[in-house]
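Asker: Starting off with a structure, shown below.
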Amino acid sequence: MRGYYLRRLAGQLSVLIGVSLAVFVISRAIPGDPAAAAVGIDAGPAQIEAMRKKMGLDKPVVLQYVYYMRNLLHGDLGYAVATRRPVLQDIADHLPASIELALFAQLISVPVGIRLGVLLARSRGSLVDYGVRVISLSGVALPVFATGILLQIIFYRVLNWFPVGGRVSVGVMPPPHLTGLYLVDSLAAGDWRLAAQVLWHTALPAVTLAIGLMAIVIRMTRSSMLEALGEDYVRTARAKGAEEKTVALAHALPNALIPTLTE
């Protein structure tokens, strides 16, 4: 057993080292001089060279990677060239928006995906089954950025139903900072109008992200439901005279949801 855990630990460490090495190589392979970008376009050669020394870019590549790993293990991700601030600070500023968007996408994709998956399992082989399966496969295959562009064209440019960009409209003050989640903070402040605007701005990107997730949930739920509907306890419930809706929702669905919600 100890050998198994040691092998797993060694495998995980090798993956982490491989990822860190890939990130390091890609960041060094990008065209341009990070030192020149960090000091700005008005900087002279002396300032650029000083920044190169400060960033450790004058050291051999192997030594740069050693310093990179040392700083990474100490929680120092360096400075962002674009904002000229610590990377951790940029992450901390933008992480609440990402969490809020991910939560909205989950709230959309999981309930809707489960309902559609159950519907497809109960109507296996029908036109609805084939149609939704084709759409869900398209949702999995289509990149998120392509889905986002398509929804922007339809719902912003053509229909003008939803805005693009920003968590609130231009000129509107964000809610007082409590959690960084604008909806939670606006509700905590009792500002229902601002909460509605946050939902309005979040709707389009949340749906964009939810489409791919929903397609996965639909496929998993349908597969699990079809397997559950063929089990002995389901046939027993049918033999006792239970309605098909009760059999599907009360007997098959609870067991079918286990792989959907845990994987």
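Letters A, B, ... go to the chains of the structure tokens in the order shown; residues in each chain start at 1; ligands are counted from 1 in the same order.
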So that I can see what lies close to A:Ile218, please list as a compact mmCIF listing (two decimals) with N, CA and C atoms, in the first residue's frame the residues with an atom at most 12 Å from it, counting only C-alpha atoms and leaving out residues fewer than 3 positions away in the same chain.

Answerer:
```
# COMPACT_ATOMS: atom_id res chain seq x y z
N SER A 109 -26.67 25.04 -15.90
CA SER A 109 -26.38 23.81 -16.64
C SER A 109 -26.85 22.55 -15.92
N VAL A 110 -26.68 22.48 -14.60
CA VAL A 110 -27.00 21.24 -13.89
C VAL A 110 -28.51 20.97 -13.86
N PRO A 111 -29.36 21.89 -13.39
CA PRO A 111 -30.80 21.58 -13.37
C PRO A 111 -31.38 21.33 -14.76
N VAL A 112 -31.03 22.21 -15.72
CA VAL A 112 -31.57 22.05 -17.07
C VAL A 112 -31.03 20.78 -17.72
N GLY A 113 -29.74 20.50 -17.54
CA GLY A 113 -29.15 19.31 -18.13
C GLY A 113 -29.75 18.03 -17.57
N ILE A 114 -30.02 18.00 -16.26
CA ILE A 114 -30.62 16.80 -15.66
C ILE A 114 -32.03 16.59 -16.18
N ARG A 115 -32.81 17.66 -16.27
CA ARG A 115 -34.19 17.52 -16.76
C ARG A 115 -34.20 17.02 -18.21
N LEU A 116 -33.33 17.59 -19.03
CA LEU A 116 -33.29 17.15 -20.43
C LEU A 116 -32.77 15.72 -20.55
N GLY A 117 -31.79 15.36 -19.72
CA GLY A 117 -31.28 13.99 -19.75
C GLY A 117 -32.34 12.97 -19.38
N VAL A 118 -33.15 13.29 -18.36
CA VAL A 118 -34.25 12.40 -17.97
C VAL A 118 -35.28 12.31 -19.10
N LEU A 119 -35.59 13.46 -19.71
CA LEU A 119 -36.55 13.47 -20.81
C LEU A 119 -36.08 12.60 -21.97
N LEU A 120 -34.82 12.69 -22.32
CA LEU A 120 -34.29 11.90 -23.43
C LEU A 120 -34.28 10.41 -23.10
N ALA A 121 -33.97 10.07 -21.85
CA ALA A 121 -33.97 8.66 -21.47
C ALA A 121 -35.37 8.07 -21.55
N ASP A 129 -35.25 12.86 -28.86
CA ASP A 129 -34.01 12.26 -28.38
C ASP A 129 -32.87 12.52 -29.36
N VAL A 132 -32.04 16.54 -29.59
CA VAL A 132 -31.31 17.11 -28.45
C VAL A 132 -29.92 16.52 -28.35
N ARG A 133 -29.77 15.24 -28.71
CA ARG A 133 -28.44 14.63 -28.68
C ARG A 133 -27.51 15.28 -29.69
N VAL A 134 -28.03 15.61 -30.87
CA VAL A 134 -27.21 16.29 -31.86
C VAL A 134 -26.81 17.68 -31.36
N ILE A 135 -27.78 18.39 -30.75
CA ILE A 135 -27.48 19.72 -30.22
C ILE A 135 -26.45 19.64 -29.09
N SER A 136 -26.60 18.64 -28.21
CA SER A 136 -25.66 18.51 -27.10
C SER A 136 -24.27 18.16 -27.59
N LEU A 137 -24.18 17.32 -28.62
CA LEU A 137 -22.87 17.01 -29.20
C LEU A 137 -22.24 18.26 -29.80
N GLY A 139 -22.78 21.25 -28.69
CA GLY A 139 -22.37 22.06 -27.55
C GLY A 139 -21.03 21.63 -26.99
N VAL A 140 -20.77 20.31 -27.01
CA VAL A 140 -19.48 19.81 -26.54
C VAL A 140 -18.37 20.14 -27.53
N ALA A 210 -22.39 27.82 -19.74
CA ALA A 210 -23.27 26.73 -19.33
C ALA A 210 -23.59 25.77 -20.47
N ILE A 211 -23.54 26.24 -21.71
CA ILE A 211 -23.93 25.39 -22.83
C ILE A 211 -23.05 24.14 -22.92
N GLY A 212 -21.74 24.32 -22.84
CA GLY A 212 -20.85 23.17 -22.88
C GLY A 212 -21.02 22.25 -21.69
N LEU A 213 -21.18 22.85 -20.49
CA LEU A 213 -21.39 22.04 -19.29
C LEU A 213 -22.72 21.29 -19.36
N MET A 214 -23.75 21.97 -19.87
CA MET A 214 -25.07 21.36 -19.97
C MET A 214 -25.05 20.15 -20.90
N ALA A 215 -24.31 20.27 -22.00
CA ALA A 215 -24.23 19.15 -22.93
C ALA A 215 -23.64 17.91 -22.26
N THR A 221 -26.50 12.15 -17.74
CA THR A 221 -27.78 11.82 -17.13
C THR A 221 -28.56 10.84 -17.98
N ARG A 222 -28.57 11.04 -19.29
CA ARG A 222 -29.28 10.12 -20.18
C ARG A 222 -28.70 8.72 -20.08
N SER A 223 -27.38 8.61 -20.13
CA SER A 223 -26.74 7.30 -20.05
C SER A 223 -27.04 6.61 -18.72
N SER A 224 -26.95 7.37 -17.62
CA SER A 224 -27.21 6.79 -16.30
C SER A 224 -28.67 6.39 -16.14
N MET A 225 -29.57 7.20 -16.68
CA MET A 225 -31.00 6.89 -16.58
C MET A 225 -31.34 5.64 -17.37
N ALA A 256 -29.49 7.30 -10.70
CA ALA A 256 -28.86 7.79 -11.93
C ALA A 256 -28.10 9.09 -11.71
N LEU A 257 -28.49 9.86 -10.69
CA LEU A 257 -27.83 11.14 -10.44
C LEU A 257 -26.46 10.98 -9.79
N THR A 260 -23.64 11.47 -12.23
CA THR A 260 -23.72 12.81 -12.80
C THR A 260 -23.21 13.87 -11.84
N LEU A 261 -23.56 13.75 -10.57
CA LEU A 261 -23.21 14.77 -9.59
C LEU A 261 -21.84 14.57 -8.96
```

Asker: Just want the 12 Å neighbourhood of A:Val172, counted on only C-alpha atoms, with same-chain residues fewer than 4 positions away dropped. Output as a count of residues only.

Answerer: 8

Asker: Using only C-alpha atoms, which protein or nucleic acid residues come within 12 Å of A:Ile17? Drop anything in the same chain fewer than 6 positions from it, and give the result as a ChimeraX atom specification.

Answerer: /A:10-11,23-24,65-66,68-69,72-73

Asker: Filtering to C-alpha atoms, could you give me those residues as a JSON list (two decimals), in the first residue's frame?

Answerer:
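Ended up saving to out-v7.json:
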```json
[["chain", "number", "residue", "atom", "x", "y", "z"],
["A", 10, "ALA", "CA", 5.66, 10.58, -7.72],
["A", 11, "GLY", "CA", 3.23, 10.67, -10.64],
["A", 23, "VAL", "CA", 4.61, 27.23, -18.68],
["A", 24, "PHE", "CA", 8.21, 28.42, -18.25],
["A", 65, "TYR", "CA", 13.93, 28.03, -14.10],
["A", 66, "VAL", "CA", 15.45, 27.27, -10.70],
["A", 68, "TYR", "CA", 11.14, 30.46, -11.04],
["A", 69, "MET", "CA", 10.43, 27.24, -9.11],
["A", 72, "LEU", "CA", 6.65, 29.56, -7.09],
["A", 73, "LEU", "CA", 7.09, 27.36, -4.02]]
```

Asker: Please compute the atom CA of A:Glu227-atom CA of A:Asn255 distance, one decimal, in Å.

Answerer: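 Separation of atom CA of A:Glu227 and atom CA of A:Asn255: 9.8 Å.
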
Asker: Show which residues sit within 9 Å of stretch 81-84 of chain A, as a VMD selection string. Count only C-alpha atoms, and ignore same-chain residues fewer than 3 positions away.

Answerer: chain A and resid 34 to 35 37 to 39 87 90

Asker: Could you tell me, as a PyMOL selection string, which residues of stretch 174-234 of chain A DSSP assigns to helix (DSSP H, G or I) when given the backbone?

Answerer: chain A and resi 182-188+192-229+232-234

Asker: Find the residues near A:Leu57: any atom within 12 Å, counting only C-alpha atoms, skip ones fewer than 2 places away on the same chain, and give them as a short mmCIF file (atom, residue, chain, number, x, y, z; two decimals) with C-alpha atoms, in the first residue's frame.

Answerer:
```cif
data_model
loop_
_atom_site.label_atom_id
_atom_site.label_comp_id
_atom_site.auth_asym_id
_atom_site.auth_seq_id
_atom_site.Cartn_x
_atom_site.Cartn_y
_atom_site.Cartn_z
CA ARG A 28 10.16 32.42 -22.65
CA ASP A 33 11.26 41.53 -24.34
CA PRO A 34 9.41 41.28 -21.00
CA ALA A 35 11.80 43.79 -19.43
CA ALA A 36 11.09 46.40 -22.12
CA ILE A 48 15.62 48.10 -19.62
CA GLU A 49 18.90 46.45 -18.62
CA ALA A 50 18.24 47.21 -14.94
CA MET A 51 14.80 45.63 -15.24
CA ARG A 52 16.30 42.58 -16.94
CA LYS A 53 18.62 42.11 -13.97
CA LYS A 54 15.74 42.64 -11.54
CA MET A 55 13.65 40.02 -13.33
CA LYS A 59 20.88 34.66 -15.90
CA PRO A 60 21.22 31.36 -17.81
CA VAL A 61 17.93 29.72 -18.72
CA VAL A 62 18.46 26.79 -16.35
CA LEU A 63 19.11 29.15 -13.46
CA GLN A 64 16.03 31.17 -14.43
CA TYR A 65 13.93 28.03 -14.10
CA TYR A 67 14.59 30.79 -9.49
CA TYR A 68 11.14 30.46 -11.04
#
```

Asker: Closest to A:Ala105 among A:Leu204, A:Leu209, A:Gly148, A:Gly75, using only C-alpha atoms?

Answerer: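 Result for the nearest residue to A:Ala105: A:Leu209.
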
Asker: From the options A:Asp76, A:Val15, A:Ala237, A:Ala206, which residue's atoms come nearest to A:Val144, counting only C-alpha atoms?

Answerer: A:Ala206

Asker: Within 10 Å of A:Leu101, counting only C-alpha atoms, which residues qualify if same-chain residues fewer than 5 places away don't, as a PDB file with C-alpha atoms, in the first residue's frame?

Answerer:
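Saved result, around-v5.pdb, follows:
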```pdb
ATOM      1  CA  LEU A  95     -11.127  35.676  -8.922  1.00  0.00           C
ATOM      2  CA  PRO A  96     -14.507  36.725  -7.407  1.00  0.00           C
ATOM      3  CA  GLN A 106     -23.524  25.638 -12.793  1.00  0.00           C
ATOM      4  CA  LEU A 107     -26.934  26.853 -11.629  1.00  0.00           C
ATOM      5  CA  LEU A 181     -19.398  38.605  -5.673  1.00  0.00           C
ATOM      6  CA  THR A 202     -23.936  38.022 -16.142  1.00  0.00           C
ATOM      7  CA  ALA A 203     -26.663  36.245 -18.119  1.00  0.00           C
ATOM      8  CA  PRO A 205     -21.479  34.912 -20.388  1.00  0.00           C
ATOM      9  CA  ALA A 206     -23.077  32.484 -17.917  1.00  0.00           C
ATOM     10  CA  VAL A 207     -25.213  30.915 -20.648  1.00  0.00           C
ATOM     11  CA  LEU A 209     -20.233  28.814 -20.297  1.00  0.00           C
ATOM     12  CA  ALA A 210     -23.275  26.730 -19.331  1.00  0.00           C
TER      13      ALA A 210
END
```

Asker: Could you tell me how far atom CA of A:Ala80 lies from atom CA of A:Gly32, in Å and to one decimal?

Answerer: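 Atom CA of A:Gly32 lies at a distance of 14.5 Å from atom CA of A:Ala80.
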